[in-house]
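S.K.: This one is run.pdb, PDB, C-alpha atoms, pLDDT in the B column.
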```
MODEL        1
ATOM      1  CA  ASN A 283      11.120 -10.123  34.365  1.00 52.00           C
ATOM      2  CA  ASN A 284      13.744 -12.832  34.458  1.00 53.00           C
ATOM      3  CA  ASN A 285      14.138 -13.476  30.695  1.00 59.00           C
ATOM      4  CA  LYS A 286      13.005 -17.038  31.178  1.00 71.00           C
ATOM      5  CA  PHE A 287      11.885 -17.370  27.567  1.00 75.00           C
ATOM      6  CA  SER A 288      14.080 -16.477  24.603  1.00 82.00           C
ATOM      7  CA  PRO A 289      12.501 -15.170  21.344  1.00 83.00           C
ATOM      8  CA  ASP A 290      13.118 -18.592  19.818  1.00 84.00           C
ATOM      9  CA  GLU A 291      11.302 -20.330  22.692  1.00 84.00           C
ATOM     10  CA  ILE A 292       8.394 -17.886  22.457  1.00 86.00           C
ATOM     11  CA  PHE A 293       8.052 -18.600  18.748  1.00 85.00           C
ATOM     12  CA  LYS A 294       8.028 -22.347  19.388  1.00 85.00           C
ATOM     13  CA  LEU A 295       5.384 -21.965  22.097  1.00 83.00           C
ATOM     14  CA  VAL A 296       3.090 -19.964  19.829  1.00 86.00           C
ATOM     15  CA  HIS A 297       3.610 -22.264  16.844  1.00 84.00           C
ATOM     16  CA  ALA A 298       3.625 -25.623  18.627  1.00 80.00           C
ATOM     17  CA  ASP A 299       3.098 -28.563  16.257  1.00 73.00           C
ATOM     18  CA  SER A 300       2.778 -26.178  13.284  1.00 72.00           C
ATOM     19  CA  THR A 301      -0.489 -24.862  14.745  1.00 79.00           C
ATOM     20  CA  LYS A 302      -0.784 -21.314  16.055  1.00 84.00           C
ATOM     21  CA  ASN A 303      -1.932 -21.205  19.679  1.00 84.00           C
ATOM     22  CA  ASN A 304      -4.368 -18.294  19.666  1.00 86.00           C
ATOM     23  CA  ASP A 305      -4.508 -18.056  23.473  1.00 88.00           C
ATOM     24  CA  LEU A 306      -0.760 -17.522  23.535  1.00 87.00           C
ATOM     25  CA  VAL A 307      -1.040 -15.031  20.655  1.00 88.00           C
ATOM     26  CA  ASN A 308      -3.477 -12.986  22.755  1.00 89.00           C
ATOM     27  CA  ALA A 309      -1.076 -13.142  25.687  1.00 88.00           C
ATOM     28  CA  LEU A 310       1.763 -12.085  23.422  1.00 88.00           C
ATOM     29  CA  ARG A 311      -0.199  -9.038  22.246  1.00 88.00           C
ATOM     30  CA  LEU A 312      -0.411  -7.882  25.855  1.00 89.00           C
ATOM     31  CA  PHE A 313       3.132  -8.943  26.628  1.00 87.00           C
ATOM     32  CA  VAL A 314       4.736  -6.763  23.950  1.00 89.00           C
ATOM     33  CA  GLY A 315       2.925  -3.734  25.332  1.00 90.00           C
ATOM     34  CA  ILE A 316       4.655  -3.886  28.710  1.00 88.00           C
ATOM     35  CA  ILE A 317       8.212  -5.069  28.086  1.00 86.00           C
ATOM     36  CA  LYS A 318      11.152  -2.964  26.952  1.00 88.00           C
ATOM     37  CA  PRO A 319      11.364  -2.044  23.242  1.00 90.00           C
ATOM     38  CA  GLU A 320      14.741  -3.753  22.744  1.00 90.00           C
ATOM     39  CA  ALA A 321      13.333  -7.084  23.952  1.00 87.00           C
ATOM     40  CA  ILE A 322      10.253  -6.639  21.753  1.00 90.00           C
ATOM     41  CA  LYS A 323      12.376  -6.048  18.655  1.00 92.00           C
ATOM     42  CA  GLU A 324      14.179  -9.346  19.213  1.00 90.00           C
ATOM     43  CA  ILE A 325      10.840 -11.161  19.446  1.00 89.00           C
ATOM     44  CA  ILE A 326       9.507  -9.449  16.316  1.00 92.00           C
ATOM     45  CA  LYS A 327      12.687 -10.275  14.376  1.00 91.00           C
ATOM     46  CA  LYS A 328      12.081 -13.934  15.182  1.00 88.00           C
ATOM     47  CA  PHE A 329       8.542 -13.756  13.795  1.00 89.00           C
ATOM     48  CA  ILE A 330       9.263 -11.724  10.647  1.00 92.00           C
ATOM     49  CA  GLU A 331      10.509 -14.636   8.542  1.00 85.00           C
ATOM     50  CA  LYS A 332       7.816 -17.182   9.432  1.00 85.00           C
ATOM     51  CA  ASP A 333       4.825 -15.161  10.607  1.00 91.00           C
ATOM     52  CA  LEU A 334       5.201 -11.726   9.039  1.00 94.00           C
ATOM     53  CA  TYR A 335       1.710 -10.424   9.711  1.00 95.00           C
ATOM     54  CA  LEU A 336       1.738 -11.428  13.356  1.00 93.00           C
ATOM     55  CA  SER A 337       5.034  -9.544  13.643  1.00 94.00           C
ATOM     56  CA  CYS A 338       3.289  -6.508  12.095  1.00 95.00           C
ATOM     57  CA  GLU A 339       0.511  -6.770  14.637  1.00 94.00           C
ATOM     58  CA  LEU A 340       2.931  -7.207  17.538  1.00 94.00           C
ATOM     59  CA  PHE A 341       4.752  -4.103  16.371  1.00 96.00           C
ATOM     60  CA  ALA A 342       1.451  -2.194  16.390  1.00 96.00           C
ATOM     61  CA  TRP A 343       0.653  -3.349  19.941  1.00 94.00           C
ATOM     62  CA  SER A 344       4.186  -2.845  21.243  1.00 94.00           C
ATOM     63  CA  SER A 345       5.653  -0.221  23.524  1.00 92.00           C
ATOM     64  CA  ILE A 346       8.139   0.761  20.793  1.00 94.00           C
ATOM     65  CA  ASN A 347       8.022   4.554  20.735  1.00 93.00           C
ATOM     66  CA  VAL A 348      10.810   5.553  18.344  1.00 94.00           C
ATOM     67  CA  PHE A 349      10.816   5.384  14.539  1.00 95.00           C
ATOM     68  CA  GLU A 350      13.745   3.217  13.427  1.00 94.00           C
ATOM     69  CA  GLU A 351      13.742   3.096   9.648  1.00 92.00           C
ATOM     70  CA  GLU A 352      16.054   0.107   9.199  1.00 93.00           C
ATOM     71  CA  PHE A 353      14.066  -2.075  11.605  1.00 94.00           C
ATOM     72  CA  ILE A 354      10.692  -1.068  10.137  1.00 95.00           C
ATOM     73  CA  ASN A 355      11.923  -1.590   6.575  1.00 94.00           C
ATOM     74  CA  LYS A 356      12.637  -5.245   7.392  1.00 93.00           C
ATOM     75  CA  MET A 357       8.888  -5.723   7.726  1.00 94.00           C
ATOM     76  CA  VAL A 358       7.885  -3.366   4.910  1.00 95.00           C
ATOM     77  CA  GLU A 359      10.132  -5.174   2.423  1.00 94.00           C
ATOM     78  CA  LYS A 360       8.407  -8.478   3.181  1.00 95.00           C
ATOM     79  CA  ILE A 361       4.857  -7.201   2.626  1.00 95.00           C
ATOM     80  CA  ASP A 362       3.718  -8.388  -0.797  1.00 94.00           C
ATOM     81  CA  ILE A 363       0.487  -6.663  -1.799  1.00 93.00           C
ATOM     82  CA  ASN A 364      -0.051  -9.235  -4.550  1.00 90.00           C
ATOM     83  CA  SER A 365      -0.010 -12.221  -2.196  1.00 93.00           C
ATOM     84  CA  ARG A 366      -2.948 -14.122  -0.725  1.00 95.00           C
ATOM     85  CA  GLU A 367      -1.438 -13.757   2.754  1.00 94.00           C
ATOM     86  CA  TYR A 368      -1.510  -9.970   2.438  1.00 96.00           C
ATOM     87  CA  LEU A 369      -5.214  -9.972   1.549  1.00 96.00           C
ATOM     88  CA  LEU A 370      -5.991 -12.298   4.454  1.00 96.00           C
ATOM     89  CA  ASN A 371      -4.146 -10.058   6.916  1.00 96.00           C
ATOM     90  CA  LEU A 372      -5.208  -6.563   5.888  1.00 97.00           C
ATOM     91  CA  ASN A 373      -6.284  -5.634   9.419  1.00 96.00           C
ATOM     92  CA  GLU A 374      -2.762  -6.356  10.669  1.00 96.00           C
ATOM     93  CA  VAL A 375      -1.266  -4.356   7.784  1.00 97.00           C
ATOM     94  CA  VAL A 376      -3.457  -1.345   8.611  1.00 98.00           C
ATOM     95  CA  LEU A 377      -2.494  -1.514  12.300  1.00 97.00           C
ATOM     96  CA  PHE A 378       1.178  -1.695  11.331  1.00 97.00           C
ATOM     97  CA  TYR A 379       1.065   1.380   9.086  1.00 98.00           C
ATOM     98  CA  LEU A 380      -0.966   3.353  11.639  1.00 98.00           C
ATOM     99  CA  LYS A 381       1.736   2.626  14.231  1.00 97.00           C
ATOM    100  CA  VAL A 382       4.497   3.680  11.806  1.00 98.00           C
ATOM    101  CA  LEU A 383       2.679   6.942  11.089  1.00 98.00           C
ATOM    102  CA  ASP A 384       2.199   7.548  14.805  1.00 97.00           C
ATOM    103  CA  LEU A 385       5.939   7.112  15.417  1.00 97.00           C
ATOM    104  CA  LEU A 386       6.776   9.479  12.562  1.00 97.00           C
ATOM    105  CA  LYS A 387       4.354  12.045  13.964  1.00 96.00           C
ATOM    106  CA  LYS A 388       5.930  11.765  17.423  1.00 95.00           C
ATOM    107  CA  SER A 389       9.328  12.413  15.876  1.00 94.00           C
ATOM    108  CA  GLY A 390       8.018  15.590  14.230  1.00 95.00           C
ATOM    109  CA  ARG A 391       8.182  14.207  10.680  1.00 95.00           C
ATOM    110  CA  TYR A 392       4.473  14.507   9.874  1.00 93.00           C
ATOM    111  CA  ASN A 393       5.034  16.850   6.935  1.00 95.00           C
ATOM    112  CA  GLU A 394       7.961  15.035   5.318  1.00 97.00           C
ATOM    113  CA  PRO A 395       7.729  12.945   2.101  1.00 97.00           C
ATOM    114  CA  ILE A 396       8.284   9.721   4.069  1.00 97.00           C
ATOM    115  CA  PHE A 397       5.073  10.437   6.000  1.00 97.00           C
ATOM    116  CA  ALA A 398       3.216  10.862   2.701  1.00 98.00           C
ATOM    117  CA  ASP A 399       4.723   7.613   1.399  1.00 97.00           C
ATOM    118  CA  TYR A 400       3.391   5.688   4.381  1.00 97.00           C
ATOM    119  CA  LEU A 401       0.025   7.434   4.101  1.00 98.00           C
ATOM    120  CA  GLN A 402      -0.124   6.185   0.530  1.00 97.00           C
ATOM    121  CA  THR A 403       0.663   2.572   1.525  1.00 97.00           C
ATOM    122  CA  LEU A 404      -1.976   2.848   4.258  1.00 98.00           C
ATOM    123  CA  GLY A 405      -4.425   4.091   1.615  1.00 98.00           C
ATOM    124  CA  ILE A 406      -3.676   1.069  -0.553  1.00 97.00           C
ATOM    125  CA  ALA A 407      -4.408  -1.254   2.376  1.00 97.00           C
ATOM    126  CA  TYR A 408      -7.689   0.544   3.089  1.00 98.00           C
ATOM    127  CA  ASP A 409      -8.520   0.337  -0.626  1.00 97.00           C
ATOM    128  CA  ASP A 410      -7.913  -3.417  -0.572  1.00 96.00           C
ATOM    129  CA  LYS A 411     -10.184  -3.660   2.480  1.00 96.00           C
ATOM    130  CA  LEU A 412     -12.855  -1.866   0.393  1.00 97.00           C
ATOM    131  CA  ASP A 413     -12.791   0.973   2.931  1.00 97.00           C
ATOM    132  CA  TYR A 414     -12.752   3.596   0.212  1.00 97.00           C
ATOM    133  CA  TYR A 415     -13.557   6.570   2.438  1.00 97.00           C
ATOM    134  CA  SER A 416     -10.512   5.917   4.645  1.00 98.00           C
ATOM    135  CA  ALA A 417      -8.384   5.300   1.543  1.00 98.00           C
ATOM    136  CA  ILE A 418      -9.457   8.614  -0.006  1.00 98.00           C
ATOM    137  CA  GLU A 419      -8.679  10.461   3.224  1.00 98.00           C
ATOM    138  CA  ALA A 420      -5.183   8.926   3.386  1.00 98.00           C
ATOM    139  CA  TYR A 421      -4.418   9.709  -0.274  1.00 98.00           C
ATOM    140  CA  GLN A 422      -5.643  13.298   0.035  1.00 98.00           C
ATOM    141  CA  LYS A 423      -3.430  13.897   3.069  1.00 98.00           C
ATOM    142  CA  ALA A 424      -0.454  12.395   1.208  1.00 98.00           C
ATOM    143  CA  ILE A 425      -1.079  14.604  -1.839  1.00 98.00           C
ATOM    144  CA  LYS A 426      -1.072  17.731   0.346  1.00 98.00           C
ATOM    145  CA  ILE A 427       2.262  16.730   1.916  1.00 98.00           C
ATOM    146  CA  TYR A 428       3.796  16.107  -1.517  1.00 97.00           C
ATOM    147  CA  GLU A 429       2.558  19.525  -2.607  1.00 97.00           C
ATOM    148  CA  ASP A 430       3.897  21.191   0.544  1.00 97.00           C
ATOM    149  CA  ASN A 431       7.278  19.664  -0.310  1.00 97.00           C
ATOM    150  CA  LYS A 432       7.003  20.846  -3.942  1.00 97.00           C
ATOM    151  CA  MET A 433       7.008  17.289  -5.310  1.00 96.00           C
ATOM    152  CA  GLN A 434       4.368  17.770  -8.012  1.00 94.00           C
ATOM    153  CA  ASN A 435       6.816  16.379 -10.592  1.00 93.00           C
ATOM    154  CA  HIS A 436       7.594  13.225  -8.602  1.00 94.00           C
ATOM    155  CA  PRO A 437       6.357   9.714  -9.538  1.00 93.00           C
ATOM    156  CA  SER A 438       4.975   9.249  -6.001  1.00 95.00           C
ATOM    157  CA  TYR A 439       2.738  12.289  -6.497  1.00 96.00           C
ATOM    158  CA  ALA A 440       1.443  10.935  -9.796  1.00 95.00           C
ATOM    159  CA  GLY A 441       0.979   7.485  -8.260  1.00 95.00           C
ATOM    160  CA  CYS A 442      -1.018   8.962  -5.399  1.00 97.00           C
ATOM    161  CA  HIS A 443      -3.433  10.612  -7.845  1.00 97.00           C
ATOM    162  CA  MET A 444      -3.785   7.288  -9.658  1.00 96.00           C
ATOM    163  CA  ASN A 445      -4.511   5.477  -6.383  1.00 97.00           C
ATOM    164  CA  LEU A 446      -6.976   8.194  -5.407  1.00 97.00           C
ATOM    165  CA  GLY A 447      -8.734   7.645  -8.727  1.00 97.00           C
ATOM    166  CA  SER A 448      -8.968   3.932  -7.942  1.00 95.00           C
ATOM    167  CA  ALA A 449     -10.529   4.632  -4.544  1.00 97.00           C
ATOM    168  CA  TYR A 450     -13.103   6.973  -6.090  1.00 97.00           C
ATOM    169  CA  GLY A 451     -13.863   4.243  -8.614  1.00 96.00           C
ATOM    170  CA  GLY A 452     -14.482   1.843  -5.743  1.00 95.00           C
ATOM    171  CA  LYS A 453     -17.223   4.111  -4.427  1.00 94.00           C
ATOM    172  CA  LEU A 454     -18.541   4.604  -7.972  1.00 94.00           C
ATOM    173  CA  ASP A 455     -17.676   8.307  -8.164  1.00 96.00           C
ATOM    174  CA  LEU A 456     -16.651   7.954 -11.805  1.00 96.00           C
ATOM    175  CA  ASP A 457     -16.186  11.662 -12.505  1.00 96.00           C
ATOM    176  CA  SER A 458     -13.669  12.003  -9.657  1.00 97.00           C
ATOM    177  CA  GLU A 459     -12.036   8.752 -10.771  1.00 97.00           C
ATOM    178  CA  ILE A 460     -11.525  10.147 -14.291  1.00 97.00           C
ATOM    179  CA  GLU A 461     -10.287  13.470 -12.894  1.00 97.00           C
ATOM    180  CA  HIS A 462      -7.478  11.871 -10.898  1.00 97.00           C
ATOM    181  CA  TYR A 463      -6.422   9.350 -13.561  1.00 96.00           C
ATOM    182  CA  SER A 464      -6.215  12.268 -16.003  1.00 97.00           C
ATOM    183  CA  LYS A 465      -4.212  14.278 -13.460  1.00 96.00           C
ATOM    184  CA  ALA A 466      -1.755  11.406 -13.023  1.00 96.00           C
ATOM    185  CA  ILE A 467      -1.358  11.039 -16.797  1.00 96.00           C
ATOM    186  CA  SER A 468      -0.636  14.779 -17.107  1.00 96.00           C
ATOM    187  CA  ILE A 469       2.040  14.572 -14.402  1.00 95.00           C
ATOM    188  CA  TYR A 470       3.770  11.681 -16.157  1.00 93.00           C
ATOM    189  CA  GLU A 471       3.630  13.494 -19.501  1.00 93.00           C
ATOM    190  CA  ASP A 472       4.676  16.919 -18.208  1.00 93.00           C
ATOM    191  CA  ASN A 473       7.746  15.357 -16.608  1.00 91.00           C
ATOM    192  CA  GLU A 474       8.567  13.006 -19.514  1.00 89.00           C
ATOM    193  CA  MET A 475       7.890   9.876 -17.464  1.00 86.00           C
ATOM    194  CA  GLN A 476       5.935   8.050 -20.170  1.00 84.00           C
ATOM    195  CA  ASN A 477       8.085   4.950 -19.640  1.00 81.00           C
ATOM    196  CA  HIS A 478       6.958   4.670 -16.024  1.00 84.00           C
ATOM    197  CA  PRO A 479       5.042   1.381 -15.477  1.00 78.00           C
ATOM    198  CA  SER A 480       2.048   3.176 -13.996  1.00 89.00           C
ATOM    199  CA  TYR A 481       1.659   5.483 -17.011  1.00 91.00           C
ATOM    200  CA  ALA A 482       0.152   2.717 -19.123  1.00 90.00           C
ATOM    201  CA  LEU A 483      -1.938   1.452 -16.210  1.00 92.00           C
ATOM    202  CA  CYS A 484      -3.415   4.936 -15.794  1.00 94.00           C
ATOM    203  CA  HIS A 485      -4.727   4.740 -19.351  1.00 94.00           C
ATOM    204  CA  VAL A 486      -6.133   1.245 -18.723  1.00 93.00           C
ATOM    205  CA  ASN A 487      -7.920   2.448 -15.599  1.00 94.00           C
ATOM    206  CA  LEU A 488      -9.112   5.585 -17.372  1.00 95.00           C
ATOM    207  CA  GLY A 489     -10.609   3.412 -20.092  1.00 94.00           C
ATOM    208  CA  SER A 490     -12.444   1.342 -17.482  1.00 93.00           C
ATOM    209  CA  ALA A 491     -13.821   4.496 -15.868  1.00 95.00           C
ATOM    210  CA  TYR A 492     -15.092   5.796 -19.220  1.00 94.00           C
ATOM    211  CA  GLY A 493     -16.578   2.376 -19.874  1.00 93.00           C
ATOM    212  CA  GLY A 494     -18.424   2.635 -16.547  1.00 93.00           C
ATOM    213  CA  LYS A 495     -19.926   5.912 -17.785  1.00 93.00           C
ATOM    214  CA  LEU A 496     -20.900   4.191 -21.069  1.00 94.00           C
ATOM    215  CA  ASP A 497     -18.610   6.586 -22.951  1.00 94.00           C
ATOM    216  CA  TYR A 498     -17.185   3.833 -25.133  1.00 93.00           C
ATOM    217  CA  ASP A 499     -15.452   6.079 -27.659  1.00 93.00           C
ATOM    218  CA  LYS A 500     -13.250   7.592 -24.942  1.00 95.00           C
ATOM    219  CA  ALA A 501     -12.767   4.155 -23.390  1.00 94.00           C
ATOM    220  CA  ILE A 502     -11.531   2.788 -26.734  1.00 95.00           C
ATOM    221  CA  GLU A 503      -9.203   5.766 -27.125  1.00 94.00           C
ATOM    222  CA  ALA A 504      -7.707   5.220 -23.639  1.00 94.00           C
ATOM    223  CA  TYR A 505      -7.245   1.474 -24.190  1.00 92.00           C
ATOM    224  CA  GLY A 506      -5.624   2.138 -27.562  1.00 93.00           C
ATOM    225  CA  LYS A 507      -3.109   4.508 -25.960  1.00 92.00           C
ATOM    226  CA  ALA A 508      -2.337   1.983 -23.240  1.00 92.00           C
ATOM    227  CA  ILE A 509      -1.708  -0.786 -25.776  1.00 92.00           C
ATOM    228  CA  LYS A 510       0.686   1.440 -27.705  1.00 91.00           C
ATOM    229  CA  ILE A 511       2.574   2.320 -24.502  1.00 90.00           C
ATOM    230  CA  TYR A 512       2.967  -1.358 -23.615  1.00 89.00           C
ATOM    231  CA  GLU A 513       4.172  -2.138 -27.135  1.00 90.00           C
ATOM    232  CA  ASP A 514       6.576   0.821 -27.284  1.00 87.00           C
ATOM    233  CA  ASN A 515       8.121  -0.395 -24.024  1.00 85.00           C
ATOM    234  CA  LYS A 516       8.168  -4.032 -25.170  1.00 86.00           C
ATOM    235  CA  MET A 517       5.794  -5.063 -22.381  1.00 83.00           C
ATOM    236  CA  GLN A 518       3.564  -7.375 -24.401  1.00 86.00           C
ATOM    237  CA  ASN A 519       4.106 -10.105 -21.813  1.00 87.00           C
ATOM    238  CA  HIS A 520       2.635  -7.963 -19.022  1.00 85.00           C
ATOM    239  CA  PRO A 521      -0.751  -9.180 -17.661  1.00 85.00           C
ATOM    240  CA  ASP A 522      -2.243  -5.684 -17.988  1.00 85.00           C
ATOM    241  CA  TYR A 523      -1.456  -5.738 -21.731  1.00 89.00           C
ATOM    242  CA  ALA A 524      -3.728  -8.750 -22.130  1.00 91.00           C
ATOM    243  CA  THR A 525      -6.353  -7.180 -19.874  1.00 90.00           C
ATOM    244  CA  CYS A 526      -6.279  -4.043 -21.982  1.00 91.00           C
ATOM    245  CA  HIS A 527      -7.021  -5.992 -25.171  1.00 93.00           C
ATOM    246  CA  MET A 528      -9.853  -7.812 -23.392  1.00 92.00           C
ATOM    247  CA  ASN A 529     -11.357  -4.535 -22.154  1.00 89.00           C
ATOM    248  CA  LEU A 530     -10.969  -3.021 -25.600  1.00 92.00           C
ATOM    249  CA  GLY A 531     -12.929  -5.911 -27.075  1.00 93.00           C
ATOM    250  CA  ILE A 532     -15.684  -5.425 -24.516  1.00 90.00           C
ATOM    251  CA  ALA A 533     -15.856  -1.704 -25.297  1.00 91.00           C
ATOM    252  CA  TYR A 534     -16.183  -2.384 -29.031  1.00 91.00           C
ATOM    253  CA  GLY A 535     -18.888  -4.965 -28.267  1.00 88.00           C
ATOM    254  CA  ASP A 536     -20.871  -2.455 -26.227  1.00 78.00           C
ATOM    255  CA  ILE A 537     -20.907   0.293 -28.870  1.00 75.00           C
TER
ENDMDL
END
```
Any chance you could put this one into structure tokens?
M.R.:
Amino acid sequence: NNNKFSPDEIFKLVHADSTKNNDLVNALRLFVGIIKPEAIKEIIKKFIEKDLYLSCELFAWSSINVFEEEFINKMVEKIDINSREYLLNLNEVVLFYLKVLDLLKKSGRYNEPIFADYLQTLGIAYDDKLDYYSAIEAYQKAIKIYEDNKMQNHPSYAGCHMNLGSAYGGKLDLDSEIEHYSKAISIYEDNEMQNHPSYALCHVNLGSAYGGKLDYDKAIEAYGKAIKIYEDNKMQNHPDYATCHMNLGIAYGDI
């Protein structure tokens, strides 16, 4: 009520002696739900640089009720899905994206491409949590929005089919996995996007799915196409290029 603590002082209280005080974190979760949005944003800005995933969680718990793209992007840009910290904080990431989607829905933007984009990032987080059913639901909703906006020739639409294939693979529905990888490949090819990074990865993943079905001839064919794509695009130093050769060797060994 009297602004006794500045955002900097709050950060220092929570992170006293380089150790996070969990009792104060719990208090802060409640605190951000009752103070004015402008004050909350200042607190979150202080946490973004040094405690990104707590800032994501505080945003989810906050009384912020308006979608502000620039502010939200400051957090989104820091989320690295390839980092250990991301994997350790997936619950916070999911809460963050659910809040973003809720704000977009309140602003009447639930059928715009940006809503589908955030649904897709939410799906990826669910996928990484091994919650494949929730991931599939998010991807399917995103695909419908892309279709409603006539974006069937857009890379995001192709990427969503690829991610949907991955989620089906997680729940061992290999036929659906193959269907959506094949769909993504067709989208890239129909729109002459064969130099897109995910085009080669689709073939790698397709090969793995065929390998799971013990259809090694088709697996070898898919891996061979992926290797050629990497080589045509001078991507022989990409980790997936090495993985593709390894998987190809396994497929030949299993024939």
S.K.: So which residues get picked by the PyMOL selection byres ((chain A and resi 444-452) around 10) here, written as a ChimeraX atom specification?
M.R.: /A:402-403,405-406,408-410,412-422,425,438-443,453-467,480-481,483-484,487-488,490-491,494
S.K.: At what distance in Å, to one decimal, does CA of Leu310 in chain A lie from CA of Lys327 in chain A?
M.R.: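 Rounded to one decimal, the two atoms are 14.3 Å apart.
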S.K.: Excluding Glu331 in chain A and its own-chain neighbours fewer than 3 positions away, which residues fall within 12 Å of it when counting all atoms listed in the file? Please give them as a PDB file with C-alpha atoms, in the coordinates of the input.
M.R.:
```
ATOM      1  CA  PHE A 293       8.052 -18.600  18.748  1.00 85.00           C
ATOM      2  CA  ILE A 325      10.840 -11.161  19.446  1.00 89.00           C
ATOM      3  CA  ILE A 326       9.507  -9.449  16.316  1.00 92.00           C
ATOM      4  CA  LYS A 327      12.687 -10.275  14.376  1.00 91.00           C
ATOM      5  CA  LYS A 328      12.081 -13.934  15.182  1.00 88.00           C
ATOM      6  CA  LEU A 334       5.201 -11.726   9.039  1.00 94.00           C
ATOM      7  CA  TYR A 335       1.710 -10.424   9.711  1.00 95.00           C
ATOM      8  CA  LEU A 336       1.738 -11.428  13.356  1.00 93.00           C
ATOM      9  CA  SER A 337       5.034  -9.544  13.643  1.00 94.00           C
ATOM     10  CA  CYS A 338       3.289  -6.508  12.095  1.00 95.00           C
ATOM     11  CA  LYS A 356      12.637  -5.245   7.392  1.00 93.00           C
ATOM     12  CA  MET A 357       8.888  -5.723   7.726  1.00 94.00           C
ATOM     13  CA  GLU A 359      10.132  -5.174   2.423  1.00 94.00           C
ATOM     14  CA  LYS A 360       8.407  -8.478   3.181  1.00 95.00           C
ATOM     15  CA  ILE A 361       4.857  -7.201   2.626  1.00 95.00           C
TER      16      ILE A 361
END
```
S.K.: Calculate how many Å separate CA of Ala424 in chain A from CA of Ile511 in chain A, rounding to one decimal.
M.R.: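 Taking CA of Ala424 in chain A as the start and CA of Ile511 in chain A as the end point, the length is 27.8 Å.
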S.K.: Identify which of the residues A:Ala482, A:Ile363, A:Ala524, A:Ile532 lies closest to Ala501 in chain A, counting only C-alpha atoms when measuring atom-to-atom distances.
M.R.: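 Comparing A:Ala482, A:Ile363, A:Ala524, A:Ile532 against Ala501 in chain A, the winner is A:Ile532.
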S.K.: Would you pick out the contacts of range 382-394 of chain A at 6 Å or less, using only C-alpha atoms, so that residues sharing its chain but fewer than 2 positions from it are not included, and give the list as a ChimeraX atom specification?
M.R.: /A:348-349,379-380,396-397,427
S.K.: Quick one: distance from CA of Gly489 in chain A to CA of Ala504 in chain A in Å, one decimal?
M.R.: 4.9 Å
S.K.: I need the residue nearest Asn364 in chain A from this list: A:Tyr505, A:Ala407, A:Lys294, A:Pro319. Use all atoms listed in the file for the distance.
M.R.: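 Smallest separation from Asn364 in chain A among the options: A:Ala407.
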S.K.: Residue by residue, what does the PyMOL selection byres ((chain A and resi 514) around 12) grab here? Present the result as a PyMOL selection string.
M.R.: chain A and resi 476-479+482+507-513+515-518+523
S.K.: Which neighbours of Phe313 in chain A fall inside 9 Å, counting all atoms listed in the file, when residues of the same chain fewer than 5 positions from it are skipped, and could you give them as an NGL selection string?
M.R.: :A and (308 or 322 or 344)
S.K.: Between A:Asn347, A:Ile469, A:Pro289, A:Lys411, single out the one closest to His436 in chain A, counting all atoms listed in the file.
M.R.: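 For His436 in chain A, the nearest of the given residues is A:Ile469.
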S.K.: Using all atoms listed in the file, which residues sit within 6 Å of range 370-377 of chain A once same-chain residues fewer than 3 positions away are excluded, as a list in words?
M.R.: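 Everything that qualifies: Glu339, Ala342, Glu367 and Leu380 of chain A.
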S.K.: Using all atoms listed in the file, find the one residue out of A:Tyr400, A:Gly315, A:Tyr368, A:Glu324 that sits nearest to Glu351 in chain A.
M.R.: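 Looking at the shortest contact to Glu351 in chain A, the residue is A:Tyr400.
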S.K.: Can range 425-432 of chain A be brought up to N, CA, C and O atoms and written out as a CSV table (one decimal), in the coordinates of the input?
M.R.:
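Result written to rebuild-v5.csv:
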```csv
chain,number,residue,atom,x,y,z
A,425,ILE,N,-1.2,13.6,-0.7
A,425,ILE,CA,-1.1,14.6,-1.8
A,425,ILE,C,-0.7,16.0,-1.3
A,425,ILE,O,0.1,16.7,-1.9
A,426,LYS,N,-1.4,16.4,-0.2
A,426,LYS,CA,-1.1,17.7,0.3
A,426,LYS,C,0.4,17.8,0.8
A,426,LYS,O,1.1,18.8,0.6
A,427,ILE,N,0.9,16.7,1.4
A,427,ILE,CA,2.3,16.7,1.9
A,427,ILE,C,3.2,16.8,0.7
A,427,ILE,O,4.2,17.5,0.8
A,428,TYR,N,2.9,16.0,-0.3
A,428,TYR,CA,3.8,16.1,-1.5
A,428,TYR,C,3.8,17.5,-2.1
A,428,TYR,O,4.9,18.1,-2.5
A,429,GLU,N,2.6,18.2,-2.1
A,429,GLU,CA,2.6,19.5,-2.6
A,429,GLU,C,3.3,20.5,-1.7
A,429,GLU,O,4.0,21.4,-2.2
A,430,ASP,N,3.2,20.3,-0.4
A,430,ASP,CA,3.9,21.2,0.5
A,430,ASP,C,5.4,21.1,0.4
A,430,ASP,O,6.2,22.0,0.6
A,431,ASN,N,5.8,19.9,-0.1
A,431,ASN,CA,7.3,19.7,-0.3
A,431,ASN,C,7.7,19.9,-1.8
A,431,ASN,O,8.8,19.5,-2.2
A,432,LYS,N,6.7,20.5,-2.5
A,432,LYS,CA,7.0,20.8,-3.9
A,432,LYS,C,7.5,19.6,-4.8
A,432,LYS,O,8.4,19.7,-5.5
```
